[in-house]
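Q: Below are the structure tokens for one structure; questions will follow.
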Amino acid sequence: MALREEQILRYSRQILLREVGGRGQEKLLAGGVRLKATGAAGLTAAAYVAAGGTAVEAGPDPLTPGAEGFLVSAEEVGQPASEVLARALPDVNADALPGRGAGRLAELPAEWDGEGPWVALGGDGARGVVVFRGAAGCAGCFEATTAVLGPPPSGALGVGLGALGALVLQRLLLGLGPALGACGWASPGVLTDVGVRRCGRCG
Ligand SMILES: [Zn+2]
């Protein structure tokens, strides 16, 4: 898929990054995720992912208070995420409309299927946690790591966690970095290490 002139203009900032480039931008445009999110973390992640050119297809769960932000107005809280994003995404990026890709982007708790990439937004006490898995990562270890986490934080911590989750997803789509991992977001701007829990098969 070759980039059109208006796409080169739209994505010029990320195309200029050595790790993205024109080829990388084509990968972001070819990718897509199913989104399961009702709050600040997931909706923020969806906004960044869509702005980068990757398709986002939201599920039907109603948006919860705190979801308002880039994509959601205060009046839209309580409406199904799928309906709100179907209205909002064409304005953010008409390249990012649903219909392609096998990725999953979800606030925990969530179910996981398909090849990936998978990005989970969760929480661990006061800390937000992103757990991620590319197609080559072990699904059992991913699920073991997410199983001990709760939902993602709300408010500013959730917004930051969502932005981090979008970046992690884009790195997986670009084929950068490890195929399995986790990182914590302890307070805005403070990344912490989170260990991956091993599944029964990996020991
Ligand atoms: Zn494993």
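Labels for the structure tokens follow display order: chains A, B, ..., residues from 1 in each chain, ligands from 1.
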Give me, as a VMD selection string, all polymer residues having an atom no more than 8 Å from stretch 44-57 of chain A, counting only C-alpha atoms and skipping those fewer than 5 positions away in the same chain.
A: chain A and resid 11 25 28 to 35 69 to 71 82 89 92 to 93 95 to 101 159 161 to 167 169 to 170
Q: Which residues sit within 6 Å of ligand 1, counting only C-alpha atoms and all ligand atoms, listed as a ChimeraX atom specification?
A: /A:138,140-141,198-199,201-202
Q: Give me, as a PyMOL selection string, all polymer residues having an atom no more than 7 Å from stretch 102-110 of chain A, counting only C-alpha atoms and skipping those fewer than 6 positions away in the same chain.
A: chain A and resi 32-37+42+116-122+150-152
Q: DSSP says strand (DSSP E) for which residues of stretch 83-176 of chain A? Put them as a list in words?
A: Gly103, Arg104, Leu105, Ala106, Glu107, Trp118, Val119, Ala120, Leu121, Gly122, Gly123, Asp124, Arg127, Gly128, Val129, Val130, Val131, Phe132 and Arg133 of chain A
Q: Pick from A:Glu75, A:Asp193, A:Glu19, A:Glu6: nearest to A:Arg127, with only C-alpha atoms counted?
A: A:Asp193
Q: Could you pull out the alpha helix (DSSP H) residues of chain A from DSSP and send them as an MDAnalysis selection string?
A: chainID A and resid 5:10 12:15 21:30 40:51 81:92 139:147 155:173
